[in-house]
Every structure is written in C-alpha cells, then in structure tokens.
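So this block is query.pdb, PDB, C-alpha atoms:
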ATOM      1  CA  MET A   8       6.076 -30.226   3.345
ATOM      2  CA  SER A   9       9.050 -31.114   1.154
ATOM      3  CA  PHE A  10      12.704 -30.287   1.828
ATOM      4  CA  LYS A  11      15.357 -29.972  -0.890
ATOM      5  CA  HIS A  12      19.080 -29.373  -0.604
ATOM      6  CA  ILE A  13      20.331 -27.770  -3.834
ATOM      7  CA  THR A  14      24.041 -27.184  -4.435
ATOM      8  CA  SER A  15      24.265 -26.392  -8.171
ATOM      9  CA  ARG A  16      23.848 -22.961  -9.737
ATOM     10  CA  ASP A  17      22.587 -24.754 -12.841
ATOM     11  CA  ASN A  18      19.545 -25.972 -10.950
ATOM     12  CA  ALA A  19      16.318 -24.614 -12.485
ATOM     13  CA  ILE A  20      14.885 -23.568  -9.118
ATOM     14  CA  PHE A  21      17.965 -21.530  -8.230
ATOM     15  CA  LYS A  22      17.985 -19.869 -11.659
ATOM     16  CA  HIS A  23      14.316 -18.973 -11.273
ATOM     17  CA  LEU A  24      14.818 -17.465  -7.812
ATOM     18  CA  LYS A  25      17.878 -15.564  -9.015
ATOM     19  CA  LYS A  26      15.841 -13.998 -11.827
ATOM     20  CA  LEU A  27      13.148 -12.946  -9.379
ATOM     21  CA  ALA A  28      15.765 -11.396  -7.100
ATOM     22  CA  ASP A  29      17.432  -9.431  -9.906
ATOM     23  CA  ASN A  30      14.807  -8.680 -12.552
ATOM     24  CA  LYS A  31      11.745  -6.434 -12.335
ATOM     25  CA  ARG A  32      10.280  -7.836 -15.552
ATOM     26  CA  GLU A  33      10.483 -11.359 -14.153
ATOM     27  CA  ARG A  34       8.742 -10.283 -10.949
ATOM     28  CA  THR A  35       6.023  -8.493 -12.899
ATOM     29  CA  GLN A  36       5.398 -11.390 -15.278
ATOM     30  CA  GLU A  37       5.332 -13.979 -12.495
ATOM     31  CA  GLY A  38       3.471 -11.840  -9.980
ATOM     32  CA  LYS A  39       5.942 -13.056  -7.353
ATOM     33  CA  THR A  40       8.855 -11.715  -5.348
ATOM     34  CA  LEU A  41      11.290 -12.619  -2.574
ATOM     35  CA  LEU A  42      11.067 -11.475   1.034
ATOM     36  CA  ASP A  43      14.267 -11.237   3.073
ATOM     37  CA  GLY A  44      14.260 -11.681   6.812
ATOM     38  CA  VAL A  45      12.100 -12.891   9.650
ATOM     39  CA  HIS A  46      10.315  -9.582  10.259
ATOM     40  CA  LEU A  47       9.249  -9.137   6.650
ATOM     41  CA  ILE A  48       8.022 -12.723   6.349
ATOM     42  CA  GLU A  49       6.085 -12.438   9.606
ATOM     43  CA  SER A  50       4.503  -9.196   8.344
ATOM     44  CA  TYR A  51       3.428 -10.938   5.145
ATOM     45  CA  LEU A  52       2.055 -13.858   7.141
ATOM     46  CA  GLN A  53      -0.028 -11.518   9.281
ATOM     47  CA  ALA A  54      -1.306  -9.352   6.411
ATOM     48  CA  ILE A  55      -1.602 -11.770   3.477
ATOM     49  CA  GLY A  56      -0.950 -15.401   4.405
ATOM     50  CA  GLU A  57       1.643 -18.137   4.103
ATOM     51  CA  PRO A  58       4.523 -17.903   1.610
ATOM     52  CA  GLU A  59       4.872 -20.406  -1.221
ATOM     53  CA  LEU A  60       8.429 -21.403  -0.366
ATOM     54  CA  LEU A  61      11.090 -20.881   2.293
ATOM     55  CA  ILE A  62      14.784 -20.587   1.381
ATOM     56  CA  ILE A  63      17.537 -21.056   3.958
ATOM     57  CA  PRO A  64      21.363 -21.262   3.889
ATOM     58  CA  GLU A  65      23.471 -24.177   5.032
ATOM     59  CA  GLY A  66      24.721 -23.923   8.574
ATOM     60  CA  LYS A  67      23.130 -22.698  11.753
ATOM     61  CA  SER A  68      20.133 -20.390  11.416
ATOM     62  CA  THR A  69      19.220 -17.685  13.909
ATOM     63  CA  GLN A  70      16.784 -18.686  16.625
ATOM     64  CA  GLU A  71      14.199 -16.335  15.100
ATOM     65  CA  ALA A  72      14.510 -18.041  11.720
ATOM     66  CA  THR A  73      14.301 -21.487  13.292
ATOM     67  CA  ASP A  74      11.165 -20.535  15.239
ATOM     68  CA  LEU A  75       9.556 -19.152  12.090
ATOM     69  CA  MET A  76      10.356 -22.315  10.115
ATOM     70  CA  GLN A  77       8.742 -24.414  12.829
ATOM     71  CA  HIS A  78       5.656 -22.188  12.729
ATOM     72  CA  LEU A  79       5.508 -22.602   8.945
ATOM     73  CA  GLY A  80       6.122 -26.330   9.065
ATOM     74  CA  ASP A  81       3.800 -27.053   6.139
ATOM     75  CA  VAL A  82       5.636 -24.735   3.720
ATOM     76  CA  ASN A  83       8.125 -26.328   1.301
ATOM     77  CA  THR A  84      11.749 -25.448   2.094
ATOM     78  CA  ILE A  85      14.936 -25.276   0.032
ATOM     79  CA  MET A  86      18.473 -25.116   1.394
ATOM     80  CA  PHE A  87      21.344 -23.563  -0.574
ATOM     81  CA  PRO A  88      25.063 -23.309   0.177
ATOM     82  CA  THR A  89      25.912 -20.045   1.911
ATOM     83  CA  LEU A  90      27.367 -18.364  -1.183
ATOM     84  CA  MET A  91      24.376 -19.301  -3.350
ATOM     85  CA  PHE A  92      21.989 -18.055  -0.683
ATOM     86  CA  ALA A  93      23.930 -14.774  -0.537
ATOM     87  CA  GLU A  94      23.271 -14.239  -4.266
ATOM     88  CA  LEU A  95      19.549 -14.112  -3.543
ATOM     89  CA  THR A  96      19.564 -11.742  -0.572
ATOM     90  CA  PRO A  97      19.870  -7.953  -0.957
ATOM     91  CA  VAL A  98      21.891  -7.446   2.224
ATOM     92  CA  ALA A  99      25.145  -8.723   3.665
ATOM     93  CA  SER A 100      23.658  -9.343   7.124
ATOM     94  CA  SER A 101      20.625 -11.438   6.294
ATOM     95  CA  THR A 102      18.780 -13.140   9.149
ATOM     96  CA  GLY A 103      19.178 -16.358   7.185
ATOM     97  CA  ILE A 104      15.759 -16.912   5.689
ATOM     98  CA  LEU A 105      13.997 -15.890   2.469
ATOM     99  CA  ALA A 106      10.466 -16.529   1.274
ATOM    100  CA  LEU A 107       8.932 -16.748  -2.171
ATOM    101  CA  VAL A 108       5.532 -15.043  -2.162
ATOM    102  CA  LYS A 109       2.817 -13.856  -4.490
ATOM    103  CA  THR A 110       2.907 -10.095  -4.972
ATOM    104  CA  PRO A 111      -0.054  -8.661  -3.036
ATOM    105  CA  GLU A 112      -2.678  -6.615  -4.843
ATOM    106  CA  ILE A 113      -4.242  -4.173  -2.402
ATOM    107  CA  ALA A 114      -7.444  -2.628  -3.765
ATOM    108  CA  LEU A 115      -7.804   1.143  -3.942
ATOM    109  CA  PRO A 116     -10.445   2.630  -1.622
ATOM    110  CA  GLU A 117     -13.567   4.053  -3.241
ATOM    111  CA  THR A 118     -12.412   7.562  -2.366
ATOM    112  CA  VAL A 119      -8.777   8.647  -2.204
ATOM    113  CA  SER A 120      -8.511  11.737  -0.018
ATOM    114  CA  PHE A 121      -4.824  11.451   0.895
ATOM    115  CA  ALA A 122      -2.351  10.411  -1.801
ATOM    116  CA  LEU A 123       1.384  10.349  -2.373
ATOM    117  CA  MET A 124       2.585  10.590  -5.972
ATOM    118  CA  LEU A 125       6.216   9.846  -6.767
ATOM    119  CA  GLU A 126       7.990  10.820  -9.973
ATOM    120  CA  ASP A 127      11.096   8.886 -11.059
ATOM    121  CA  ILE A 128      12.348   7.837  -7.602
ATOM    122  CA  GLN A 129      15.401   5.697  -8.360
ATOM    123  CA  ASP A 130      16.747   4.383  -5.065
ATOM    124  CA  PRO A 131      14.876   1.298  -3.774
ATOM    125  CA  GLY A 132      15.811   2.090  -0.175
ATOM    126  CA  ASN A 133      14.420   5.608  -0.571
ATOM    127  CA  LEU A 134      11.211   4.277  -2.066
ATOM    128  CA  GLY A 135      10.840   1.686   0.669
ATOM    129  CA  SER A 136      11.292   4.370   3.309
ATOM    130  CA  MET A 137       8.624   6.525   1.640
ATOM    131  CA  LEU A 138       6.188   3.625   1.575
ATOM    132  CA  ARG A 139       6.768   2.973   5.260
ATOM    133  CA  THR A 140       6.242   6.665   6.039
ATOM    134  CA  ALA A 141       3.122   6.796   3.860
ATOM    135  CA  LEU A 142       1.542   3.929   5.770
ATOM    136  CA  GLY A 143       2.414   5.541   9.098
ATOM    137  CA  ALA A 144       0.890   8.863   8.042
ATOM    138  CA  GLY A 145      -2.345   7.247   6.866
ATOM    139  CA  VAL A 146      -1.988   7.703   3.101
ATOM    140  CA  ASP A 147      -4.888   6.152   1.168
ATOM    141  CA  ALA A 148      -2.996   5.358  -2.031
ATOM    142  CA  LEU A 149       0.424   5.671  -3.569
ATOM    143  CA  TYR A 150       1.100   6.325  -7.256
ATOM    144  CA  LEU A 151       4.458   5.665  -8.920
ATOM    145  CA  SER A 152       5.491   7.052 -12.287
ATOM    146  CA  LYS A 153       6.848   4.821 -15.039
ATOM    147  CA  GLY A 154      10.365   5.970 -14.166
ATOM    148  CA  CYS A 155      10.225   4.847 -10.529
ATOM    149  CA  THR A 156      12.154   1.864  -9.257
ATOM    150  CA  ASP A 157      10.217  -1.328  -8.531
ATOM    151  CA  ALA A 158       8.158  -1.267  -5.325
ATOM    152  CA  TRP A 159       8.464  -5.068  -5.107
ATOM    153  CA  SER A 160      12.216  -5.477  -5.398
ATOM    154  CA  PRO A 161      13.853  -7.199  -2.409
ATOM    155  CA  LYS A 162      15.685  -3.993  -1.419
ATOM    156  CA  CYS A 163      12.539  -1.871  -1.576
ATOM    157  CA  LEU A 164      10.561  -4.474   0.346
ATOM    158  CA  ARG A 165      13.217  -4.501   3.042
ATOM    159  CA  GLY A 166      13.083  -0.701   3.222
ATOM    160  CA  GLY A 167       9.299  -0.743   3.430
ATOM    161  CA  GLN A 168       9.292  -3.250   6.309
ATOM    162  CA  GLY A 169       5.852  -4.568   5.403
ATOM    163  CA  ALA A 170       4.200  -1.335   4.202
ATOM    164  CA  GLN A 171       3.651  -2.865   0.752
ATOM    165  CA  PHE A 172       1.329  -5.456   2.301
ATOM    166  CA  TYR A 173      -1.164  -2.796   3.396
ATOM    167  CA  LEU A 174      -0.820   0.134   0.981
ATOM    168  CA  PRO A 175      -2.620   0.330  -2.361
ATOM    169  CA  ILE A 176       0.263   0.929  -4.801
ATOM    170  CA  VAL A 177      -0.336   1.844  -8.437
ATOM    171  CA  GLU A 178       2.786   1.624 -10.593
ATOM    172  CA  GLY A 179       3.543   2.943 -14.064
ATOM    173  CA  VAL A 180       1.176   5.909 -13.950
ATOM    174  CA  ASP A 181       1.318   9.237 -15.759
ATOM    175  CA  ILE A 182       1.796  11.637 -12.845
ATOM    176  CA  VAL A 183       0.410  14.646 -14.745
ATOM    177  CA  GLU A 184      -2.705  12.674 -15.639
ATOM    178  CA  MET A 185      -3.148  11.545 -12.023
ATOM    179  CA  LEU A 186      -2.802  15.131 -10.800
ATOM    180  CA  ASN A 187      -5.422  16.278 -13.270
ATOM    181  CA  GLN A 188      -7.791  13.566 -12.052
ATOM    182  CA  PHE A 189      -7.263  14.085  -8.320
ATOM    183  CA  ALA A 190     -10.343  15.605  -6.655
ATOM    184  CA  GLY A 191      -8.594  17.825  -4.148
ATOM    185  CA  ASN A 192      -5.552  20.000  -3.582
ATOM    186  CA  SER A 193      -2.236  18.766  -4.908
ATOM    187  CA  TYR A 194       1.130  19.995  -3.669
ATOM    188  CA  ALA A 195       4.334  19.839  -5.671
ATOM    189  CA  THR A 196       7.412  19.947  -3.440
ATOM    190  CA  THR A 197       9.860  22.523  -4.783
ATOM    191  CA  LEU A 198      12.412  25.020  -3.480
ATOM    192  CA  ALA A 199      10.260  27.963  -4.555
ATOM    193  CA  GLY A 200       6.857  27.350  -2.985
ATOM    194  CA  ASP A 201       5.360  28.656   0.234
ATOM    195  CA  ALA A 202       6.177  26.717   3.401
ATOM    196  CA  VAL A 203       4.085  23.579   3.625
ATOM    197  CA  TYR A 204       3.013  24.605   7.149
ATOM    198  CA  GLN A 205       1.183  27.648   5.745
ATOM    199  CA  HIS A 206      -1.322  25.541   3.808
ATOM    200  CA  ASP A 207      -4.584  24.057   5.006
ATOM    201  CA  LEU A 208      -4.039  20.334   4.485
ATOM    202  CA  THR A 209      -7.258  19.128   6.108
ATOM    203  CA  GLN A 210      -9.018  18.826   2.759
ATOM    204  CA  PRO A 211      -8.358  16.008   0.221
ATOM    205  CA  THR A 212      -4.605  16.242  -0.325
ATOM    206  CA  ALA A 213      -2.002  14.801  -2.680
ATOM    207  CA  PHE A 214       1.733  15.412  -2.340
ATOM    208  CA  VAL A 215       4.056  15.014  -5.317
ATOM    209  CA  ILE A 216       7.733  14.191  -4.692
ATOM    210  CA  GLY A 217      10.311  14.188  -7.473
ATOM    211  CA  ASN A 218      13.531  12.441  -8.422
ATOM    212  CA  GLU A 219      16.338  12.466  -5.847
ATOM    213  CA  GLY A 220      18.635  14.557  -8.053
ATOM    214  CA  ALA A 221      16.499  16.348 -10.633
ATOM    215  CA  GLY A 222      13.402  16.983  -8.539
ATOM    216  CA  LEU A 223       9.990  17.256 -10.162
ATOM    217  CA  SER A 224       9.464  17.777 -13.867
ATOM    218  CA  ARG A 225       8.070  21.120 -14.965
ATOM    219  CA  ALA A 226       4.953  19.335 -16.260
ATOM    220  CA  ALA A 227       4.243  17.838 -12.828
ATOM    221  CA  ILE A 228       4.811  21.176 -11.088
ATOM    222  CA  ASN A 229       2.429  22.917 -13.476
ATOM    223  CA  ALA A 230      -0.228  20.223 -13.043
ATOM    224  CA  ALA A 231      -0.273  20.558  -9.236
ATOM    225  CA  THR A 232      -2.570  23.141  -7.693
ATOM    226  CA  HIS A 233       0.158  24.440  -5.338
ATOM    227  CA  GLN A 234       3.905  24.484  -4.855
ATOM    228  CA  VAL A 235       5.230  23.954  -1.330
ATOM    229  CA  SER A 236       8.668  24.069   0.228
ATOM    230  CA  ILE A 237      10.201  22.990   3.533
ATOM    231  CA  PRO A 238      11.963  25.777   5.468
ATOM    232  CA  MET A 239      15.529  24.792   6.303
ATOM    233  CA  HIS A 240      18.944  26.180   7.181
ATOM    234  CA  PRO A 241      20.232  28.447   4.359
ATOM    235  CA  LYS A 242      23.443  26.436   4.089
ATOM    236  CA  LEU A 243      21.437  23.351   3.038
ATOM    237  CA  GLU A 244      20.240  23.258  -0.551
ATOM    238  CA  SER A 245      17.668  20.473  -0.241
ATOM    239  CA  LEU A 246      16.524  17.464   1.759
ATOM    240  CA  ASN A 247      16.616  13.808   0.863
ATOM    241  CA  ALA A 248      13.415  12.919  -1.017
ATOM    242  CA  ALA A 249      12.342  10.447   1.674
ATOM    243  CA  ALA A 250      12.873  13.050   4.414
ATOM    244  CA  ALA A 251      10.877  15.647   2.464
ATOM    245  CA  ALA A 252       8.039  13.181   2.002
ATOM    246  CA  ALA A 253       8.000  12.377   5.729
ATOM    247  CA  ILE A 254       7.753  16.047   6.725
ATOM    248  CA  CYS A 255       4.927  16.767   4.287
ATOM    249  CA  LEU A 256       2.919  13.638   5.032
ATOM    250  CA  PHE A 257       3.099  13.983   8.796
ATOM    251  CA  GLU A 258       2.276  17.697   8.637
ATOM    252  CA  ARG A 259      -0.935  16.674   6.891
ATOM    253  CA  LYS A 260      -1.586  14.026   9.533
ATOM    254  CA  ARG A 261      -0.911  16.560  12.309
ATOM    255  CA  GLN A 262      -3.365  19.061  10.849
ATOM    256  CA  PHE A 263      -5.995  16.422  10.102
ATOM    257  CA  ASP A 264      -5.799  14.884  13.596
ATOM    258  CA  SER A 265      -5.976  18.259  15.370
ATOM    259  CA  ARG A 266      -9.109  19.578  13.690
ATOM    260  CA  GLY A 267     -10.963  19.208  16.983
TER     261      GLY A 267
END
Full structure transcribed into structure tokens:
Amino acid sequence: MSFKHITSRDNAIFKHLKKLADNKRERTQEGKTLLDGVHLIESYLQAIGEPELLIIPEGKSTQEATDLMQHLGDVNTIMFPTLMFAELTPVASSTGILALVKTPEIALPETVSFALMLEDIQDPGNLGSMLRTALGAGVDALYLSKGCTDAWSPKCLRGGQGAQFYLPIVEGVDIVEMLNQFAGNSYATTLAGDAVYQHDLTQPTAFVIGNEGAGLSRAAINAATHQVSIPMHPKLESLNAAAAAAICLFERKRQFDSRG
C-alpha cells in the first residue's frame, strides 16, 4: 500500500478525481466512479471486490472509516485537505472516506420477466431511490432512456445505497424500442389509466415511469400495452416519480408472491 498527502488543486490526481466526481462523460470513458461513505464502500466490497483507491480528508476520521481503512490495508490511500476533499463528495455530511472503483457491469439474465423502464428521470436522488426500490422488489433489469441522469454519479450511487452493484442497468436505450421488444405486459404510469391494483401483474411485467415534471412521452404511452394509475386523494395531482415506482413495483411483488 502507498500513502500520499496531496495539498495542491493543480495535482493531476486531484484533477482526475474531480472530473470523475463532476462529469458523466469522464466516468463513462474511464469506466470508473467515486463511492462516498462507509456503507457504500462496504457494499461494493461485498458485491464486487476491493476499490482501486481510498480518499480521506485531513483530521480525525470516524471510527467506521478508520475500521474500514484498516480492513482495506492493502489499498492505496490519498489524503486531501478538508476543503479539497469536500469538492469530491456529493454531500455536506460525508462519513470522511471516498473510494475510486471500476464501474460494475452486471449481466442481464437470459429472460427478463420483471423490468423497470425509466424515461428522462433527471434527479440523481430520485433515480437512486428507484434503483434501491427496484432491487428490493426483485426487478430483473432496469432500462434508462438517453435523457436520464447518470446511474453512476456519486449522488445517484448514494441514493441507491448499493443497488447498482446487483442490478443489471442498461443506459441510453430507446424506451419505445424496448417496449416493443418486451415479451410481456407493459404498463405506462399515467393519470388516466385504470388503477394498477386492478391488473394481473403475475405475468412478465414491465413498468414505465416518466420524467418528474412532464411525465411519459406520448410515444412511450402508446407503445405500452396498458396505462395504469395510482388512486390518490383528489386534492393531490400526482406522486413523486420514485414514490409511484415503489407502489407499482411492490404491487407486482405482492401479487407474484401471493399466487399460492
């Protein structure tokens, strides 16, 4: 293991890490990203393996971070001044440790019978929450349109809390094309469809969730085999996209698990 203490923003290593933290293109080209926090790094360690590099701030680390560093004693470590470290982390209350890792590539299963398709989701926290929910509900694969935010950004990774390390995620897809190819029933979430609870979701199922503000495109709605809605109080116009996804996905899980 090597240990470096870097104090200059002109340092090539800091510049490289800063680009990875801020730039989707850089992450895609490098096939690498940054993980923030003990829990996320431990999840990666359990699912994928050791990180390439640990990054810590000057000063006292949390006991959790110190224990993790001792466990990963063979991994190279870099220390930055507190303000430089803060430029790399997506949150104000970091646990005081980052890791540079290779972006996992989780293979699609031979048959996808439960899918979540997302069109133009913009908020990385929303996307991360949906990924976490998708893993909990047993989704086989997740498809993101070209207009979606990056599933591997530090903020989305933090929101996903390790879901990205287990879920097959396909980015940059044509949602209409994916709907046309899906061998099962597909459900576009809208305000006009029948209640999702009225549908038999025990067969191969794909849910399609649209942009937080604009909802689904007309092309995606038309390509789905059904429209579904979520009954709610008349004073409320719509739900957050992540909340809508959670209700639909776990209704499918409920039906599937209770088939007897």
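Across A:Met124, A:Ala170, A:Leu138, A:Leu256, the tightest approach to Ala195 in chain A is made by A:Met124 when counting all atoms listed in the file.
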Go ahead and find all residues with at least one atom no further than 10 Å from (8.8, 24.9, 0.3) in the file's coordinates, using only C-alpha atoms; report them as JSON, numbers by chain.
-> {"A": [194, 195, 196, 197, 198, 199, 200, 201, 202, 203, 204, 205, 234, 235, 236, 237, 238, 239, 245, 251, 255]}
Judged by only C-alpha atoms, the minimum distance to Leu95 in chain A among A:Phe121, A:Phe21, A:Trp159, A:Tyr150 is found for A:Phe21
If the PyMOL selection byres ((chain A and resi 174) around 7) is run on the structure shown, which residues does it catch, given as a list in words?
-> Ile113, Leu142, Ala148, Ala170, Gln171, Phe172, Tyr173, Pro175 and Ile176 of chain A
Just-selected residues, C-alpha atoms written as a short mmCIF file (atom, residue, chain, number, x, y, z; two decimals), keeping the file's coordinate frame:
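And here is the file that came out, selection05.cif:
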data_model
loop_
_atom_site.label_atom_id
_atom_site.label_comp_id
_atom_site.auth_asym_id
_atom_site.auth_seq_id
_atom_site.Cartn_x
_atom_site.Cartn_y
_atom_site.Cartn_z
CA ILE A 113 -4.24 -4.17 -2.40
CA LEU A 142 1.54 3.93 5.77
CA ALA A 148 -3.00 5.36 -2.03
CA ALA A 170 4.20 -1.34 4.20
CA GLN A 171 3.65 -2.86 0.75
CA PHE A 172 1.33 -5.46 2.30
CA TYR A 173 -1.16 -2.80 3.40
CA PRO A 175 -2.62 0.33 -2.36
CA ILE A 176 0.26 0.93 -4.80
#
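When all atoms listed in the file are used to measure the gap to Ala158 in chain A, the shortest distance among A:Gln53, A:Thr110, A:Thr96, A:Thr118 belongs to A:Thr110.
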Name the residues in contact with range 38-47 of chain A at a cut-off of 10 Å, using all atoms listed in the file, excluding same-chain residues fewer than 5 positions from it; report them as a PyMOL selection string.
-> chain A and resi 24-33+52-53+58-62+69+71-76+95-98+100-112+159-162+164-170+172
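CA of Asp147 in chain A is found 12.6 Å from CA of Arg259 in chain A.
Using all atoms listed in the file, the residues found no farther than 10 Å from Glu184 in chain A, other than those of its own chain fewer than 5 positions away, are A:Phe189, A:Ala227, A:Ala230.
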Write to file, as a CSV table (one decimal), in the frame of the given file, the residues of the selection just made, with C-alpha atoms.
chain,number,residue,atom,x,y,z
A,189,PHE,CA,-7.3,14.1,-8.3
A,227,ALA,CA,4.2,17.8,-12.8
A,230,ALA,CA,-0.2,20.2,-13.0
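Taking CA of Asn247 in chain A and CA of Pro211 in chain A as endpoints, the distance between them is 25.1 Å.
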Please evaluate the PyMOL selection byres ((chain A and resi 11) around 10) against the structure above and give the resulting residues as number ranges by chain.
-> A: 9-10, 12-14, 62, 83-87
How far is it from CA of Phe92 in chain A to CA of Gln36 in chain A, in Å with one decimal?
-> 23.1 Å
Run the PyMOL selection byres ((chain A and resi 191) around 10) on the file and write out the hits as a ChimeraX atom specification.
-> /A:119-122,186-190,192-194,210-213,232
Please save C-alpha atoms of the selected residues as an mmCIF file, keeping the file's coordinate frame.
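Writing the result to out03.cif gives the following:
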data_model
loop_
_atom_site.group_PDB
_atom_site.id
_atom_site.type_symbol
_atom_site.label_atom_id
_atom_site.label_comp_id
_atom_site.auth_asym_id
_atom_site.auth_seq_id
_atom_site.Cartn_x
_atom_site.Cartn_y
_atom_site.Cartn_z
ATOM 1 C CA VAL A 119 -8.777 8.647 -2.204
ATOM 2 C CA SER A 120 -8.511 11.737 -0.018
ATOM 3 C CA PHE A 121 -4.824 11.451 0.895
ATOM 4 C CA ALA A 122 -2.351 10.411 -1.801
ATOM 5 C CA LEU A 186 -2.802 15.131 -10.800
ATOM 6 C CA ASN A 187 -5.422 16.278 -13.270
ATOM 7 C CA GLN A 188 -7.791 13.566 -12.052
ATOM 8 C CA PHE A 189 -7.263 14.085 -8.320
ATOM 9 C CA ALA A 190 -10.343 15.605 -6.655
ATOM 10 C CA ASN A 192 -5.552 20.000 -3.582
ATOM 11 C CA SER A 193 -2.236 18.766 -4.908
ATOM 12 C CA TYR A 194 1.130 19.995 -3.669
ATOM 13 C CA GLN A 210 -9.018 18.826 2.759
ATOM 14 C CA PRO A 211 -8.358 16.008 0.221
ATOM 15 C CA THR A 212 -4.605 16.242 -0.325
ATOM 16 C CA ALA A 213 -2.002 14.801 -2.680
ATOM 17 C CA THR A 232 -2.570 23.141 -7.693
#
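Minimum distance to Asp130 in chain A across A:Gly154, A:Gly66, A:Pro116, A:Pro88 (counting all atoms listed in the file) occurs at A:Gly154.
Of the listed residues (A:Glu258, A:Ile63, A:Ser68, A:Lys22), A:Glu258 comes nearest to Thr209 in chain A; the distances count all atoms listed in the file.
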Select, from A:Ala221, A:Pro241, A:Ile228, A:His206, the residue with the minimum atom-to-atom distance to Gln262 in chain A, counting all atoms listed in the file.
-> A:His206
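At a cut-off of 7 Å from (16.0, 11.9, -7.5), the residue set is A:Asp127, A:Ile128, A:Gln129, A:Gly217, A:Asn218, A:Glu219, A:Gly220, A:Ala221, A:Gly222 (counting all atoms listed in the file).
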